[in-house]
$ cat structure-v5.txt   # compact mmCIF, C-alpha atoms
# COMPACT_ATOMS: atom_id res chain seq x y z
CA MET U 389 55.32 -6.96 1.69
CA ALA U 390 53.61 -6.64 -1.69
CA GLY U 391 50.20 -5.09 -1.32
CA SER U 392 50.91 -3.84 2.21
CA GLU U 393 48.69 -0.78 1.64
CA ARG U 394 45.75 -3.03 0.97
CA PRO U 395 43.33 -3.68 3.86
CA ILE U 396 42.93 -6.85 5.84
CA VAL U 397 39.73 -8.42 4.55
CA ILE U 398 37.65 -10.77 6.70
CA VAL U 399 35.07 -12.92 4.92
CA GLY U 400 32.41 -13.95 7.41
CA ALA U 401 30.77 -11.28 9.60
CA SER U 402 30.40 -13.75 12.45
CA LEU U 403 31.61 -13.89 16.04
CA GLY U 404 34.97 -15.00 14.66
CA GLY U 405 35.12 -12.20 12.10
CA ALA U 406 34.14 -9.51 14.59
CA LYS U 407 36.61 -10.75 17.23
CA ALA U 408 39.38 -10.78 14.62
CA ALA U 409 38.69 -7.13 13.78
CA GLU U 410 38.70 -6.33 17.50
CA ALA U 411 41.97 -8.20 18.05
CA LEU U 412 43.64 -6.39 15.14
CA ARG U 413 42.79 -3.00 16.61
CA GLU U 414 43.83 -4.07 20.11
CA ALA U 415 47.17 -5.22 18.70
CA GLY U 416 47.76 -1.74 17.30
CA TYR U 417 46.98 -2.36 13.63
CA ARG U 418 46.00 0.97 12.04
CA GLY U 419 45.37 -0.12 8.46
CA GLY U 420 42.07 -0.79 6.77
CA ILE U 421 39.77 -3.61 7.88
CA VAL U 422 36.88 -4.78 5.72
CA LEU U 423 34.42 -7.24 7.30
CA ILE U 424 32.05 -8.88 4.79
CA GLY U 425 28.99 -10.95 5.67
CA GLU U 426 26.02 -12.46 3.85
CA GLU U 427 23.59 -11.81 6.68
CA HIS U 428 21.95 -8.43 7.18
CA GLU U 429 22.50 -8.65 10.94
CA ARG U 430 25.71 -7.29 12.40
CA PRO U 431 27.95 -10.00 13.93
CA TYR U 432 26.34 -11.97 16.76
CA GLU U 433 26.99 -14.99 18.94
CA ARG U 434 25.24 -18.27 18.14
CA PRO U 435 24.99 -20.12 21.49
CA PRO U 436 22.04 -17.97 22.67
CA LEU U 437 20.08 -19.05 19.58
CA SER U 438 19.53 -22.48 21.15
CA LYS U 439 19.75 -21.31 24.77
CA GLY U 440 18.74 -18.01 26.38
CA TYR U 441 17.42 -16.25 23.28
CA LEU U 442 15.38 -19.27 22.19
CA LEU U 443 13.99 -19.59 25.72
CA GLY U 444 13.00 -15.93 25.71
CA LYS U 445 15.33 -15.15 28.64
CA ASP U 446 17.72 -12.96 26.64
CA ASP U 447 16.61 -10.07 24.47
CA ARG U 448 17.93 -9.67 20.95
CA GLU U 449 20.45 -6.96 21.79
CA LYS U 450 22.38 -9.34 24.05
CA ILE U 451 23.38 -11.64 21.18
CA TYR U 452 25.47 -9.06 19.29
CA VAL U 453 29.26 -9.05 19.56
CA HIS U 454 29.54 -5.24 19.49
CA PRO U 455 27.09 -2.33 19.62
CA PRO U 456 26.33 -0.85 16.17
CA GLN U 457 28.56 2.21 16.67
CA TRP U 458 31.64 0.09 17.49
CA TYR U 459 32.49 -0.57 13.84
CA GLY U 460 32.58 3.09 12.87
CA GLU U 461 34.43 4.06 16.02
CA HIS U 462 37.15 1.49 15.21
CA ASP U 463 37.29 2.26 11.49
CA VAL U 464 36.01 -1.17 10.47
CA THR U 465 34.16 -1.21 7.15
CA LEU U 466 31.20 -3.52 7.75
CA ARG U 467 29.57 -4.78 4.57
CA LEU U 468 26.43 -6.73 5.45
CA GLY U 469 24.04 -8.48 3.09
CA THR U 470 27.02 -9.04 0.80
CA ALA U 471 27.83 -12.46 -0.60
CA VAL U 472 31.35 -13.34 -1.73
CA ALA U 473 31.45 -15.11 -5.10
CA ALA U 474 35.17 -15.94 -5.28
CA ILE U 475 38.60 -15.29 -3.87
CA ASP U 476 41.77 -15.09 -5.96
CA PRO U 477 44.92 -15.72 -3.88
CA ALA U 478 47.20 -14.88 -6.82
CA ALA U 479 45.61 -11.48 -7.46
CA ARG U 480 44.80 -11.01 -3.76
CA THR U 481 41.22 -10.07 -4.49
CA VAL U 482 37.76 -10.95 -3.23
CA THR U 483 34.99 -10.89 -5.84
CA LEU U 484 31.52 -10.04 -4.57
CA ALA U 485 28.30 -11.51 -5.88
CA ASP U 486 27.20 -8.05 -7.05
CA ASP U 487 30.31 -7.91 -9.30
CA GLY U 488 32.22 -5.67 -6.95
CA GLU U 489 35.81 -6.47 -6.02
CA VAL U 490 37.90 -5.87 -2.90
CA ALA U 491 41.70 -6.15 -2.89
CA TYR U 492 43.39 -7.47 0.23
CA GLY U 493 46.81 -7.53 1.82
CA LYS U 494 45.85 -10.34 4.19
CA LEU U 495 42.66 -12.40 4.09
CA LEU U 496 40.90 -14.20 6.95
CA LEU U 497 38.14 -16.73 6.26
CA THR U 498 35.61 -17.09 9.07
CA THR U 499 32.86 -18.54 6.89
CA GLY U 500 31.65 -20.95 9.56
CA SER U 501 29.42 -23.87 8.71
CA VAL U 502 26.01 -24.76 7.32
CA PRO U 503 23.39 -27.19 8.65
CA ARG U 504 23.17 -30.56 6.93
CA ARG U 505 19.86 -30.87 5.13
CA LEU U 506 17.50 -33.77 5.68
CA PRO U 507 17.64 -35.89 2.50
CA VAL U 508 14.11 -37.34 2.51
CA PRO U 509 10.88 -36.64 0.60
CA GLY U 510 8.84 -33.78 2.05
CA ALA U 511 11.79 -32.02 3.69
CA ASP U 512 11.16 -28.84 1.69
CA GLN U 513 7.78 -28.09 3.32
CA ASP U 514 6.93 -25.17 5.57
CA GLY U 515 7.43 -25.99 9.23
CA VAL U 516 10.68 -27.91 8.63
CA LEU U 517 13.16 -25.85 10.60
CA TYR U 518 16.94 -25.68 10.96
CA LEU U 519 18.93 -23.65 13.48
CA ARG U 520 21.94 -21.61 12.40
CA ARG U 521 20.94 -17.96 12.10
CA VAL U 522 18.99 -15.63 14.35
CA GLU U 523 15.95 -15.72 12.06
CA ASP U 524 15.98 -19.52 12.39
CA SER U 525 15.82 -19.16 16.16
CA ASP U 526 12.92 -16.72 15.76
CA ARG U 527 11.00 -19.23 13.65
CA ILE U 528 11.61 -22.06 16.09
CA LYS U 529 10.66 -19.86 19.04
CA ALA U 530 7.36 -19.01 17.34
CA ALA U 531 6.61 -22.73 17.00
CA LEU U 532 7.25 -23.53 20.67
CA ARG U 533 3.73 -23.03 21.98
CA PRO U 534 2.04 -24.85 24.86
CA GLY U 535 0.60 -28.10 23.50
CA ALA U 536 2.37 -27.84 20.13
CA ARG U 537 3.74 -31.12 18.80
CA ILE U 538 7.44 -30.69 18.04
CA ALA U 539 9.50 -33.43 16.41
CA VAL U 540 13.27 -33.04 16.72
CA ILE U 541 15.36 -35.10 14.30
CA GLY U 542 18.82 -35.67 15.73
CA ALA U 543 19.85 -35.94 19.39
CA GLY U 544 23.02 -33.90 19.21
CA TRP U 545 23.68 -30.72 21.18
CA ILE U 546 21.40 -28.54 19.07
CA GLY U 547 18.61 -31.11 19.03
CA LEU U 548 18.70 -31.59 22.79
CA GLU U 549 18.87 -27.88 23.55
CA VAL U 550 15.89 -27.22 21.27
CA ALA U 551 14.03 -30.12 22.91
CA ALA U 552 14.70 -28.62 26.35
CA ALA U 553 13.49 -25.19 25.20
CA ALA U 554 10.38 -26.73 23.67
CA ARG U 555 9.48 -28.63 26.85
CA THR U 556 10.11 -25.51 28.92
CA ALA U 557 7.64 -23.70 26.66
CA GLY U 558 5.04 -26.43 27.26
CA ALA U 559 5.27 -28.18 23.89
CA GLU U 560 5.00 -31.94 23.42
CA VAL U 561 8.37 -33.15 22.17
CA THR U 562 9.51 -36.27 20.34
CA VAL U 563 13.23 -36.71 19.65
CA LEU U 564 14.17 -39.09 16.82
CA GLU U 565 17.71 -40.42 16.77
CA ALA U 566 19.36 -43.09 14.59
CA MET U 567 21.80 -44.18 17.29
CA GLU U 568 21.10 -45.96 20.58
CA LEU U 569 21.57 -42.91 22.81
CA PRO U 570 21.89 -39.14 22.44
CA LEU U 571 25.41 -37.80 21.87
CA LEU U 572 26.71 -41.37 21.75
CA ARG U 573 29.63 -40.66 19.41
CA VAL U 574 30.59 -37.55 21.37
CA LEU U 575 30.27 -38.74 24.97
CA GLY U 576 30.22 -42.53 24.87
CA ARG U 577 27.59 -44.75 26.48
CA GLU U 578 28.36 -43.98 30.12
CA VAL U 579 27.72 -40.24 29.91
CA ALA U 580 25.22 -40.26 27.05
CA GLN U 581 22.83 -42.14 29.34
CA VAL U 582 22.78 -39.12 31.66
CA PHE U 583 21.28 -36.97 28.91
CA ALA U 584 18.78 -39.65 27.90
CA ASP U 585 17.57 -39.88 31.50
CA LEU U 586 17.46 -36.08 31.82
CA HIS U 587 15.13 -35.64 28.85
CA ARG U 588 12.91 -38.57 29.74
CA ASP U 589 12.52 -37.17 33.25
CA HIS U 590 11.29 -33.94 31.66
CA GLY U 591 8.68 -35.69 29.54
CA VAL U 592 10.44 -35.95 26.19
CA ASP U 593 9.51 -38.96 24.06
CA LEU U 594 12.94 -40.27 23.07
CA ARG U 595 13.04 -42.77 20.22
CA PHE U 596 16.40 -44.34 19.42
CA GLY U 597 17.51 -46.55 16.58
CA VAL U 598 14.93 -45.06 14.23
CA GLN U 599 15.18 -44.23 10.54
CA VAL U 600 13.42 -41.17 9.13
CA THR U 601 12.14 -42.00 5.64
CA GLY U 602 10.05 -38.95 4.84
CA LEU U 603 7.96 -36.04 6.06
CA THR U 604 4.24 -35.86 5.53
CA GLY U 605 2.22 -32.71 5.10
CA ALA U 606 -0.87 -30.96 3.87
CA GLY U 607 -1.03 -27.85 1.72
CA GLY U 608 2.75 -27.52 1.72
CA THR U 609 3.06 -27.57 5.51
CA VAL U 610 4.62 -30.42 7.44
CA SER U 611 2.34 -32.58 9.56
CA GLY U 612 4.44 -35.56 10.55
CA VAL U 613 7.56 -37.69 10.30
CA LYS U 614 7.47 -41.12 8.63
CA LEU U 615 9.73 -43.77 10.15
CA GLY U 616 11.31 -46.86 8.68
CA ASP U 617 8.97 -49.20 10.58
CA GLY U 618 5.97 -47.63 8.84
CA SER U 619 4.83 -45.55 11.81
CA GLU U 620 4.36 -41.80 11.78
CA VAL U 621 5.03 -39.14 14.42
CA ALA U 622 2.53 -36.28 14.22
CA ALA U 623 4.16 -32.86 14.30
CA ASP U 624 3.16 -29.22 14.03
CA ALA U 625 6.83 -28.40 13.39
CA VAL U 626 9.96 -30.44 12.72
CA VAL U 627 13.37 -29.22 13.86
CA VAL U 628 16.28 -30.88 12.05
CA GLY U 629 19.58 -31.09 13.91
CA ILE U 630 21.68 -33.68 12.10
CA GLY U 631 24.98 -31.83 12.17
CA ILE U 632 26.79 -29.13 10.27
CA SER U 633 29.36 -29.02 7.47
CA PRO U 634 32.19 -26.50 7.20
CA ALA U 635 31.53 -23.80 4.60
CA THR U 636 34.54 -24.50 2.39
CA ALA U 637 33.18 -23.81 -1.11
CA LEU U 638 35.07 -20.52 -1.55
CA ALA U 639 38.31 -22.06 -0.32
CA GLU U 640 37.99 -25.13 -2.53
CA ALA U 641 37.29 -23.03 -5.62
CA ALA U 642 40.35 -20.92 -4.83
CA GLY U 643 42.58 -23.98 -4.64
CA LEU U 644 43.19 -23.95 -0.90
CA GLU U 645 43.87 -27.28 0.81
CA VAL U 646 40.59 -28.56 2.22
CA ASP U 647 40.04 -31.69 4.29
CA ASN U 648 37.19 -31.63 6.83
CA GLY U 649 37.45 -27.87 6.73
CA ILE U 650 40.15 -25.49 5.54
CA LYS U 651 43.48 -26.95 6.64
CA THR U 652 45.76 -24.56 8.49
CA ASP U 653 48.97 -24.76 10.44
CA GLN U 654 49.23 -23.90 14.13
CA HIS U 655 49.35 -20.21 13.20
CA LEU U 656 46.01 -20.59 11.34
CA ARG U 657 47.71 -20.01 7.98
CA THR U 658 46.15 -21.83 5.05
CA SER U 659 48.01 -23.30 2.06
CA ALA U 660 47.71 -19.96 0.21
CA PRO U 661 50.07 -17.08 1.05
CA ASP U 662 48.56 -14.46 3.40
CA VAL U 663 45.25 -16.34 3.68
CA TYR U 664 44.14 -17.50 7.15
CA ALA U 665 41.11 -19.32 8.54
CA ALA U 666 39.47 -19.47 11.97
CA GLY U 667 36.38 -20.84 13.70
CA ASP U 668 34.12 -23.71 12.57
CA VAL U 669 35.64 -23.77 9.09
CA ALA U 670 39.28 -24.20 10.20
CA ASN U 671 40.84 -27.65 10.50
CA ALA U 672 43.87 -26.39 12.39
CA TYR U 673 47.01 -28.23 13.40
CA HIS U 674 46.97 -28.43 17.20
CA PRO U 675 50.46 -28.73 18.71
CA LEU U 676 49.19 -30.27 21.96
CA PHE U 677 47.45 -33.14 20.17
CA GLY U 678 49.92 -33.43 17.29
CA LYS U 679 47.16 -33.53 14.66
CA HIS U 680 44.67 -31.36 12.80
CA VAL U 681 41.55 -30.66 14.83
CA ARG U 682 38.32 -28.96 13.76
CA VAL U 683 36.10 -27.85 16.63
CA GLU U 684 32.55 -26.64 16.05
CA HIS U 685 32.08 -24.74 19.29
CA TRP U 686 31.80 -21.17 20.46
CA ALA U 687 35.16 -21.01 22.22
CA ASN U 688 37.04 -21.58 18.97
CA ALA U 689 35.19 -18.78 17.22
CA LEU U 690 35.88 -16.57 20.24
CA ASN U 691 39.58 -17.32 20.70
CA GLN U 692 41.09 -18.41 17.39
CA PRO U 693 40.68 -14.94 15.82
CA GLN U 694 43.11 -13.50 18.39
CA THR U 695 45.78 -15.90 17.16
CA ALA U 696 44.90 -15.24 13.51
CA ALA U 697 45.11 -11.48 14.05
CA ARG U 698 48.54 -11.71 15.65
CA ALA U 699 49.76 -14.09 12.94
CA MET U 700 48.55 -11.73 10.21
CA LEU U 701 50.56 -8.98 11.90
CA GLY U 702 53.70 -11.09 11.70
CA GLN U 703 54.02 -12.16 15.33
CA PRO U 704 55.87 -15.53 15.22
CA ASP U 705 54.64 -16.65 18.65
CA ALA U 706 51.01 -16.55 17.49
CA VAL U 707 50.11 -20.22 17.98
CA TYR U 708 46.67 -21.64 18.67
CA ASP U 709 47.06 -24.34 21.29
CA ARG U 710 44.05 -23.78 23.57
CA VAL U 711 42.34 -26.87 24.92
CA PRO U 712 38.85 -27.12 23.34
CA TYR U 713 35.93 -26.03 25.54
CA PHE U 714 32.16 -26.02 25.21
CA PHE U 715 29.10 -25.82 27.41
CA THR U 716 25.39 -26.56 27.43
CA ASP U 717 22.38 -25.66 29.54
CA GLN U 718 19.34 -27.96 29.49
CA TYR U 719 16.56 -27.65 32.08
CA ASP U 720 18.36 -27.58 35.46
CA LEU U 721 21.54 -29.15 34.08
CA GLY U 722 24.54 -26.97 33.34
CA MET U 723 27.67 -28.52 31.88
CA GLU U 724 31.18 -27.52 30.79
CA TYR U 725 33.47 -29.79 28.78
CA VAL U 726 37.22 -29.32 28.41
CA GLY U 727 39.43 -31.46 26.18
CA TYR U 728 39.28 -33.47 23.00
CA VAL U 729 38.32 -37.11 22.48
CA GLU U 730 37.78 -38.71 19.10
CA PRO U 731 34.92 -41.24 18.90
CA GLY U 732 36.11 -44.44 20.55
CA GLY U 733 39.45 -42.81 21.41
CA TYR U 734 39.35 -43.53 25.16
CA ASP U 735 39.60 -46.70 27.23
CA ARG U 736 37.73 -45.76 30.39
CA VAL U 737 35.52 -43.15 32.02
CA VAL U 738 36.10 -42.15 35.64
CA PHE U 739 33.36 -40.41 37.62
CA ARG U 740 33.88 -38.07 40.55
CA GLY U 741 30.42 -38.04 42.08
CA ASP U 742 27.28 -39.97 41.17
CA PRO U 743 25.95 -39.43 37.61
CA ALA U 744 22.45 -40.30 38.83
CA THR U 745 22.42 -37.09 40.89
CA ARG U 746 23.45 -34.98 37.88
CA GLU U 747 26.15 -33.38 40.01
CA PHE U 748 29.45 -34.92 39.02
CA ILE U 749 32.62 -34.70 36.96
CA ALA U 750 33.37 -37.28 34.25
CA PHE U 751 36.89 -37.88 32.92
CA TRP U 752 37.77 -39.67 29.70
CA LEU U 753 41.10 -41.50 29.95
CA SER U 754 43.43 -43.29 27.58
CA GLY U 755 46.47 -45.07 28.90
CA GLY U 756 45.98 -43.33 32.23
CA ARG U 757 46.05 -39.84 30.68
CA VAL U 758 43.09 -37.48 30.98
CA LEU U 759 41.84 -36.61 27.49
CA ALA U 760 38.82 -34.58 28.59
CA GLY U 761 36.70 -33.73 31.59
CA MET U 762 33.07 -32.69 31.87
CA ASN U 763 31.69 -30.98 34.97
CA VAL U 764 27.92 -31.24 35.42
CA ASN U 765 26.39 -28.84 37.95
CA VAL U 766 29.84 -28.59 39.56
CA TRP U 767 31.51 -25.23 39.09
CA ASP U 768 34.90 -23.52 39.18
CA VAL U 769 36.80 -26.64 38.13
CA THR U 770 37.53 -26.01 34.45
CA ASP U 771 41.03 -24.63 35.12
CA PRO U 772 42.32 -27.72 36.97
CA ILE U 773 40.63 -30.00 34.44
CA ARG U 774 42.30 -28.07 31.63
CA GLU U 775 45.67 -28.47 33.35
CA LEU U 776 45.14 -32.23 33.67
CA VAL U 777 44.47 -32.41 29.94
CA ARG U 778 47.44 -30.20 29.04
CA SER U 779 49.86 -32.12 31.25
CA GLN U 780 49.32 -35.35 29.27
CA ARG U 781 50.64 -37.28 32.28
CA ALA U 782 49.29 -40.52 33.73
CA VAL U 783 47.07 -40.06 36.79
CA ASP U 784 45.79 -42.29 39.57
CA PRO U 785 42.16 -43.12 38.69
CA LYS U 786 41.29 -43.62 42.35
CA ALA U 787 42.54 -40.16 43.24
CA LEU U 788 40.73 -38.75 40.23
CA ALA U 789 37.45 -40.23 41.48
CA ASP U 790 37.95 -39.14 45.10
CA PRO U 791 36.17 -35.82 45.82
CA ASP U 792 38.41 -35.31 48.85
CA VAL U 793 41.52 -35.10 46.65
CA PRO U 794 41.83 -31.63 45.05
CA LEU U 795 42.05 -31.90 41.27
CA GLY U 796 45.30 -29.95 41.35
CA GLU U 797 46.84 -32.70 43.44
CA VAL U 798 45.71 -35.72 41.41

$ encode --input "structure-v5.txt" --output "structure tokens"
Amino acid sequence: MAGSERPIVIVGASLGGAKAAEALREAGYRGGIVLIGEEHERPYERPPLSKGYLLGKDDREKIYVHPPQWYGEHDVTLRLGTAVAAIDPAARTVTLADDGEVAYGKLLLTTGSVPRRLPVPGADQDGVLYLRRVEDSDRIKAALRPGARIAVIGAGWIGLEVAAAARTAGAEVTVLEAMELPLLRVLGREVAQVFADLHRDHGVDLRFGVQVTGLTGAGGTVSGVKLGDGSEVAADAVVVGIGISPATALAEAAGLEVDNGIKTDQHLRTSAPDVYAAGDVANAYHPLFGKHVRVEHWANALNQPQTAARAMLGQPDAVYDRVPYFFTDQYDLGMEYVGYVEPGGYDRVVFRGDPATREFIAFWLSGGRVLAGMNVNVWDVTDPIRELVRSQRAVDPKALADPDVPLGEV
């Protein structure tokens, strides 16, 4: 291979980037590895930023993927605080913002995603907070004081987890959401209602069907949220959680195929030779579903790099076909979700257990096939749920709902 003496370069010193470096060494690769990241922190995991770390249950050291000495011990060149300005697939080079240049033999993009900004007047004031990096979590944590008025814009996973952390800290919380229920597009009406009830029971002021038109403030610091009906929600801090966008600018400028992320095949290869992508930024062809799928959850960043590493080393059986998985913890509710359902892509929801008790399993079905399952405060069932999804066979809804029928026998 031309350029075989060149190192494997990973752009994005994230969970995905660090796990790719680890997988390369575990697979026996002895060549150079260069891991480049904009942040000054060594690679860390993001779920704790809205969960245990934000709640103050986990100390900072627990968020990191590897201890600091791991990179030197495994001969991984870690370049932190380093922005990448461009990549050149023809020359096989990565140009750094400080005018440096790194040649590569293979390139992996784990650039992740960026929070969508709130496009209203006053959104640039102090006290308007987003959650993506560890310093963002630190700022939000500092704002979660007993009696503080916290407005959360967006009732997605991040918004609800921040709301739960804020209430646990004793803050007064208002959640503002444009749709009729939280997580409506993700979960559908039947299950979304569970999360609405959960937060109301914990004292959150949920406001649905609202339009945010601006943020008020004094002296450059936010003081409230203006709504479309002319009312205002007073706030000492505003947390914006209105979704994320894949960080594709480098790939687009380099001429890679981009469509809702960097498009890859099932081996995580992009449209450019010897360039791969993994994690939030990858819109990868999924052989189980027969379509490209981009998943914005921790499990993809954890597991896709293993496939990318093996593919970069020329292993033809390196295929990413894992069933998507994610989890959340809010108050006394713990949940795991396995599967993939596009908005409106199911025809019924089957419950095993009573949703009102918050101890149940929900299954999303289409044509009798299980597309996804979500276990709430019910544990050790993700493997059989995953097998139901993978089998793509029609099931008996009555057996699926019956707690006396083992899931492996449905």

$ closest_residue --input "structure-v5.txt" --among "U:Pro477, U:Gly608, U:Gly629, U:Gly420" --to "Ile546 in chain U" --atoms "all atoms listed in the file"
U:Gly629

$ residues_around --input "structure-v5.txt" --residues "Arg467 in chain U" --least-positions-apart "5" --cutoff "7 Å" --atoms "all atoms listed in the file" --output "list in words"
Leu423, Ile424 and Gly425 of chain U

$ atom_distance --input "structure-v5.txt" --atom1 "CA of Ala639 in chain U" --atom2 "CA of Thr658 in chain U"
9.5 Å

$ residues_around --input "structure-v5.txt" --residues "range 679-681 of chain U" --least-positions-apart "3" --cutoff "9 Å" --atoms "only C-alpha atoms" --output "VMD selection string"
chain U and resid 651 to 654 670 to 676 728

$ closest_residue --input "structure-v5.txt" --among "U:Leu572, U:Ala478, U:Leu603, U:Val766" --to "Glu747 in chain U" --atoms "only C-alpha atoms"
U:Val766

$ atom_distance --input "structure-v5.txt" --atom1 "CA of Thr556 in chain U" --atom2 "CA of Glu620 in chain U"
24.3 Å

$ closest_residue --input "structure-v5.txt" --among "U:Glu578, U:Asp768, U:Ile475, U:Leu594" --to "Val738 in chain U" --atoms "all atoms listed in the file"
U:Glu578

$ atom_distance --input "structure-v5.txt" --atom1 "CA of His428 in chain U" --atom2 "CA of Asp717 in chain U"
28.2 Å

$ residues_around --input "structure-v5.txt" --residues "Arg413 in chain U" --least-positions-apart "3" --cutoff "12 Å" --atoms "all atoms listed in the file" --output "list in words"
Ile396, Ala406, Lys407, Ala408, Ala409, Glu410, Gly416, Tyr417, Arg418, Gly419, Gly420, Ile421, Trp458, Tyr459, Glu461, His462, Asp463, Val464, Gln694, Ala697, Arg698 and Leu701 of chain U

$ write_last_selection --input "structure-v5.txt" --atoms "C-alpha atoms" --output "short mmCIF file (atom, residue, chain, number, x, y, z; two decimals), keeping the file's coordinate frame"
data_model
loop_
_atom_site.label_atom_id
_atom_site.label_comp_id
_atom_site.auth_asym_id
_atom_site.auth_seq_id
_atom_site.Cartn_x
_atom_site.Cartn_y
_atom_site.Cartn_z
CA ILE U 396 42.93 -6.85 5.84
CA ALA U 406 34.14 -9.51 14.59
CA LYS U 407 36.61 -10.75 17.23
CA ALA U 408 39.38 -10.78 14.62
CA ALA U 409 38.69 -7.13 13.78
CA GLU U 410 38.70 -6.33 17.50
CA GLY U 416 47.76 -1.74 17.30
CA TYR U 417 46.98 -2.36 13.63
CA ARG U 418 46.00 0.97 12.04
CA GLY U 419 45.37 -0.12 8.46
CA GLY U 420 42.07 -0.79 6.77
CA ILE U 421 39.77 -3.61 7.88
CA TRP U 458 31.64 0.09 17.49
CA TYR U 459 32.49 -0.57 13.84
CA GLU U 461 34.43 4.06 16.02
CA HIS U 462 37.15 1.49 15.21
CA ASP U 463 37.29 2.26 11.49
CA VAL U 464 36.01 -1.17 10.47
CA GLN U 694 43.11 -13.50 18.39
CA ALA U 697 45.11 -11.48 14.05
CA ARG U 698 48.54 -11.71 15.65
CA LEU U 701 50.56 -8.98 11.90
#

$ closest_residue --input "structure-v5.txt" --among "U:Val550, U:Ser619, U:Arg710, U:Val582" --to "Asp742 in chain U" --atoms "all atoms listed in the file"
U:Val582

$ residues_near_point --input "structure-v5.txt" --point "(13.7, -34.0, 34.1)" --cutoff "12 Å" --atoms "all atoms listed in the file" --output "list of chain:residue names"
U:Ala551, U:Ala552, U:Arg555, U:Thr556, U:Val582, U:Phe583, U:Ala584, U:Asp585, U:Leu586, U:His587, U:Arg588, U:Asp589, U:His590, U:Gly591, U:Val592, U:Asp593, U:Gln718, U:Tyr719, U:Asp720, U:Leu721, U:Ala744, U:Thr745, U:Arg746

$ build_atoms --input "structure-v5.txt" --residues "range 516-527 of chain U" --atoms "N, CA, C and O atoms" --output "PDB file, in the frame of the given file"
ATOM      1  N   VAL U 516       9.443 -27.135   8.450  1.00  0.00           N
ATOM      2  CA  VAL U 516      10.680 -27.910   8.630  1.00  0.00           C
ATOM      3  C   VAL U 516      11.783 -26.896   8.906  1.00  0.00           C
ATOM      4  O   VAL U 516      12.125 -26.090   8.037  1.00  0.00           O
ATOM      5  N   LEU U 517      12.322 -26.931  10.106  1.00  0.00           N
ATOM      6  CA  LEU U 517      13.160 -25.850  10.600  1.00  0.00           C
ATOM      7  C   LEU U 517      14.574 -26.317  10.903  1.00  0.00           C
ATOM      8  O   LEU U 517      14.775 -27.438  11.378  1.00  0.00           O
ATOM      9  N   TYR U 518      15.544 -25.458  10.634  1.00  0.00           N
ATOM     10  CA  TYR U 518      16.940 -25.680  10.960  1.00  0.00           C
ATOM     11  C   TYR U 518      17.391 -24.515  11.844  1.00  0.00           C
ATOM     12  O   TYR U 518      16.784 -23.435  11.815  1.00  0.00           O
ATOM     13  N   LEU U 519      18.460 -24.706  12.605  1.00  0.00           N
ATOM     14  CA  LEU U 519      18.930 -23.650  13.480  1.00  0.00           C
ATOM     15  C   LEU U 519      20.383 -23.302  13.170  1.00  0.00           C
ATOM     16  O   LEU U 519      21.288 -24.098  13.424  1.00  0.00           O
ATOM     17  N   ARG U 520      20.592 -22.127  12.614  1.00  0.00           N
ATOM     18  CA  ARG U 520      21.940 -21.610  12.400  1.00  0.00           C
ATOM     19  C   ARG U 520      21.984 -20.096  12.565  1.00  0.00           C
ATOM     20  O   ARG U 520      22.901 -19.559  13.145  1.00  0.00           O
ATOM     21  N   ARG U 521      20.955 -19.417  12.063  1.00  0.00           N
ATOM     22  CA  ARG U 521      20.940 -17.960  12.100  1.00  0.00           C
ATOM     23  C   ARG U 521      19.863 -17.464  13.054  1.00  0.00           C
ATOM     24  O   ARG U 521      18.990 -18.214  13.474  1.00  0.00           O
ATOM     25  N   VAL U 522      19.917 -16.174  13.369  1.00  0.00           N
ATOM     26  CA  VAL U 522      18.990 -15.630  14.350  1.00  0.00           C
ATOM     27  C   VAL U 522      17.549 -15.730  13.866  1.00  0.00           C
ATOM     28  O   VAL U 522      16.632 -15.989  14.659  1.00  0.00           O
ATOM     29  N   GLU U 523      17.324 -15.587  12.548  1.00  0.00           N
ATOM     30  CA  GLU U 523      15.950 -15.720  12.060  1.00  0.00           C
ATOM     31  C   GLU U 523      15.455 -17.156  12.185  1.00  0.00           C
ATOM     32  O   GLU U 523      14.243 -17.393  12.331  1.00  0.00           O
ATOM     33  N   ASP U 524      16.372 -18.128  12.144  1.00  0.00           N
ATOM     34  CA  ASP U 524      15.980 -19.520  12.390  1.00  0.00           C
ATOM     35  C   ASP U 524      15.494 -19.685  13.822  1.00  0.00           C
ATOM     36  O   ASP U 524      14.489 -20.360  14.080  1.00  0.00           O
ATOM     37  N   SER U 525      16.219 -19.087  14.753  1.00  0.00           N
ATOM     38  CA  SER U 525      15.820 -19.160  16.160  1.00  0.00           C
ATOM     39  C   SER U 525      14.459 -18.496  16.363  1.00  0.00           C
ATOM     40  O   SER U 525      13.617 -18.995  17.121  1.00  0.00           O
ATOM     41  N   ASP U 526      14.223 -17.390  15.669  1.00  0.00           N
ATOM     42  CA  ASP U 526      12.920 -16.720  15.760  1.00  0.00           C
ATOM     43  C   ASP U 526      11.798 -17.634  15.281  1.00  0.00           C
ATOM     44  O   ASP U 526      10.714 -17.696  15.897  1.00  0.00           O
ATOM     45  N   ARG U 527      12.039 -18.343  14.184  1.00  0.00           N
ATOM     46  CA  ARG U 527      11.000 -19.230  13.650  1.00  0.00           C
ATOM     47  C   ARG U 527      10.724 -20.397  14.604  1.00  0.00           C
ATOM     48  O   ARG U 527       9.577 -20.777  14.806  1.00  0.00           O
TER      49      ARG U 527
END
